[in-house]
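Below is one structure, written out as structure tokens; the observations come after it.
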Amino acid sequence: MNSDDNAGPGGPEVSRRNFLGSGLAAAAVTPLLATAATAASAAPAPASGSDGLVTVGLKVNGSPVTMRVDPRATLLDTLRERLELTGTKKGCDRGQCGACTVHVDGRRVLSCLTLAAATDERAVTTIEGLAKGDRLHPMQQSFIELDGLQCGFCTPGQIMSAVAMVGEGRASSDDEIRERMSGNICRCSAYPFIVAAIRDAQKVMR
């Protein structure tokens with residue numbers, strides 16, 4: 001008699017052949033079940049078209065905009081390349097310098113880390129949208145009058161971040177301003193003038 005077929009007094013024993021067979025079956029089935037569960041929970045939304053693009057409708061500086069975008073396109077690239085709003089600067093493109101700061105529904109965000117598709121039905125404000133006609137925003141005016149810039153590359157992001165910070169009510173002291181603005185890098189080191197400009201504009205914005 002084959003040892004694999006031996007049975008003990010309490011019933012059939014688990015043979016090496018049966019054990020290996022059941023183990024291999026479980027090993028084959030488990031990944032399939034996991035894959036199916038993952039696919040079910042992470043199923044993407046239906047594509048808007050066969051080209052793989054999605055339709056995004058938003059307000060940019062108060063004007064409604066509807067466009068087809070690549071789901072992977074960042075808000076930064078969309079603003080600069082599709083809408084030609086080049087005031088928003090591409091610095092590090094890694095969310096480390098703050099040069100690309102814009103407002104989404106009034107809150108400051110790094111547009112290089114924000115997908116354009118994520119702004120569907122939301123309001124986006126860039127540096128171009130702060131002024132009212134020929135009248136500059138108080139923060140823009142203060143940056144000019146108090147020399148809150150040198151080369152100017154980081155200035156749009158600095159101003160957008162400063163406007164949102166004051167609106168949040170989080171600029172009660174110079175130390176707090178420096179802390180809340182620490183995500184905006186000025187490689188020219190105009191920080192004392194930036195703080196002074198923010199303090200000056202804050203008086204008018206309140």
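Letters for chains follow the order of the structure tokens (A, B, ...), residue numbers begin at 1 for each chain, and ligand numbers begin at 1 in the order shown.
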
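Neighbouring residues of Val60 (chain A) at 9 Å or closer, counting only C-alpha atoms and skipping chain neighbours under 6 positions away, are Arg122, Ala123, Val124, Thr125, Thr126 and Gly129 of chain A.
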
Notebook entry, point to check: Could you name the residues that touch Ala116 (chain A) at 7 Å or less, counting only C-alpha atoms, but leaving out those on the same chain fewer than 6 positions away, as a list of chain:residue names?
Noted result: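 Answer for this query is A:Ala73, A:Thr74, A:Leu75, A:Thr78.
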
Item checked: Backbone-only DSSP, helix (DSSP H, G or I) members of region 22-202 of chain A, as an NGL selection string -> :A and (22-41 or 75-82 or 111-113 or 116-119 or 127-129 or 138-145 or 155-167 or 174-180 or 191-202)

Item checked: Selection near Asn61 (chain A), 12 Å with only C-alpha atoms, sequence-local residues under 4 positions removed, as JSON, numbers by chain -> {"A": [65, 79, 83, 85, 102, 103, 104, 105, 106, 122, 123, 124, 125, 126, 127, 128, 129, 130, 131, 132]}

The selected residues should be written to file as an mmCIF file, in the first residue's frame (atoms: C-alpha atoms).
data_model
loop_
_atom_site.group_PDB
_atom_site.id
_atom_site.type_symbol
_atom_site.label_atom_id
_atom_site.label_comp_id
_atom_site.auth_asym_id
_atom_site.auth_seq_id
_atom_site.Cartn_x
_atom_site.Cartn_y
_atom_site.Cartn_z
ATOM 1 C CA VAL A 65 -13.128 77.639 -18.273
ATOM 2 C CA LEU A 79 -2.138 77.226 -16.267
ATOM 3 C CA LEU A 83 -4.158 79.045 -20.439
ATOM 4 C CA LEU A 85 -1.041 82.361 -17.346
ATOM 5 C CA VAL A 102 -1.970 79.684 -6.352
ATOM 6 C CA HIS A 103 -5.335 79.737 -4.590
ATOM 7 C CA VAL A 104 -7.932 76.999 -5.000
ATOM 8 C CA ASP A 105 -11.230 77.975 -3.401
ATOM 9 C CA GLY A 106 -9.344 80.648 -1.489
ATOM 10 C CA ARG A 122 -13.510 74.781 -8.162
ATOM 11 C CA ALA A 123 -12.234 78.364 -8.279
ATOM 12 C CA VAL A 124 -8.564 78.966 -9.102
ATOM 13 C CA THR A 125 -6.894 82.341 -8.594
ATOM 14 C CA THR A 126 -3.438 83.140 -9.934
ATOM 15 C CA ILE A 127 -1.271 86.218 -9.542
ATOM 16 C CA GLU A 128 -2.947 87.644 -12.659
ATOM 17 C CA GLY A 129 -6.301 87.571 -10.872
ATOM 18 C CA LEU A 130 -5.371 89.639 -7.809
ATOM 19 C CA ALA A 131 -5.456 93.118 -9.348
ATOM 20 C CA LYS A 132 -8.751 94.853 -10.038
#

Could you pull the residues within 9 Å of Ala171 (chain A), counting only C-alpha atoms, minus those fewer than 5 positions along the same chain, as a tab-separated table (two decimals) with N, CA, C and O atoms, in the first residue's frame?
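File selection.tsv, as written:
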chain	number	residue	atom	x	y	z
A	162	ALA	N	1.19	85.00	0.77
A	162	ALA	CA	0.98	86.04	1.79
A	162	ALA	C	-0.48	86.46	1.85
A	162	ALA	O	-1.03	86.65	2.94
A	165	MET	N	-2.39	83.76	3.61
A	165	MET	CA	-2.02	83.71	5.02
A	165	MET	C	-2.74	84.80	5.81
A	165	MET	O	-3.30	84.55	6.89
A	166	VAL	N	-2.74	86.03	5.29
A	166	VAL	CA	-3.44	87.12	5.96
A	166	VAL	C	-4.94	86.81	6.04
A	166	VAL	O	-5.58	87.05	7.07
A	176	GLU	N	5.48	84.78	13.36
A	176	GLU	CA	4.46	83.92	12.77
A	176	GLU	C	4.46	84.05	11.25
A	176	GLU	O	4.29	83.07	10.53
A	177	ILE	N	4.68	85.27	10.76
A	177	ILE	CA	4.76	85.47	9.31
A	177	ILE	C	5.91	84.66	8.74
A	177	ILE	O	5.76	83.97	7.72
A	178	ARG	N	7.06	84.73	9.39
A	178	ARG	CA	8.22	83.97	8.89
A	178	ARG	C	7.94	82.48	8.91
A	178	ARG	O	8.31	81.75	7.98
A	180	ARG	N	4.90	80.95	8.81
A	180	ARG	CA	3.84	80.60	7.86
A	180	ARG	C	4.29	80.77	6.41
A	180	ARG	O	3.70	80.17	5.50
A	198	ILE	N	4.39	92.40	3.95
A	198	ILE	CA	3.20	91.71	4.43
A	198	ILE	C	2.55	92.47	5.58
A	198	ILE	O	1.32	92.65	5.63
A	199	ARG	N	3.36	92.95	6.50
A	199	ARG	CA	2.84	93.72	7.64
A	199	ARG	C	2.14	94.99	7.16
A	199	ARG	O	1.10	95.39	7.68
A	202	GLN	N	-1.16	94.11	5.35
A	202	GLN	CA	-2.11	93.58	6.31
A	202	GLN	C	-3.00	94.68	6.91
A	202	GLN	O	-4.18	94.46	7.18

Note to self: Could you list, as JSON, numbers by chain, every residue within 9 Å of Gly95 (chain A), counting only C-alpha atoms and ignoring same-chain residues fewer than 4 positions away?
What the structure shows: {"A": [91, 99, 100, 110, 111, 112, 113, 183]}

Check: How many Å separate CA of Gly152 (chain A) from CA of Arg94 (chain A)?
Finding: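 The value is 19.7 Å.
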
Item checked: Best match for closeness to Lys203 (chain A) among A:Pro138, A:Arg170, A:Glu145, A:Ile159, counting only C-alpha atoms ->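 Of A:Pro138, A:Arg170, A:Glu145, A:Ile159, the one nearest Lys203 (chain A), counting only C-alpha atoms, is A:Pro138.
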
Notebook entry, point to check: Between A:Cys97, A:Ala117, A:Ala196, A:Met205, which is the closest to Pro156 (chain A) once you count only C-alpha atoms?
Noted result: A:Cys97

Note to self: as a ChimeraX atom specification, please: the residues near Cys188 (chain A) (cut-off 9 Å, only C-alpha atoms, same-chain neighbours under 4 positions excluded).
What the structure shows: /A:149-151

Notebook entry, point to check: Which residue out of A:Asn184, A:Gly62, A:Arg107, A:Gly169 has the minimum interatomic distance to Gly157 (chain A) when only C-alpha atoms are used?
Noted result: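 Between A:Asn184, A:Gly62, A:Arg107, A:Gly169, the residue approaching Gly157 (chain A) most closely is A:Asn184.
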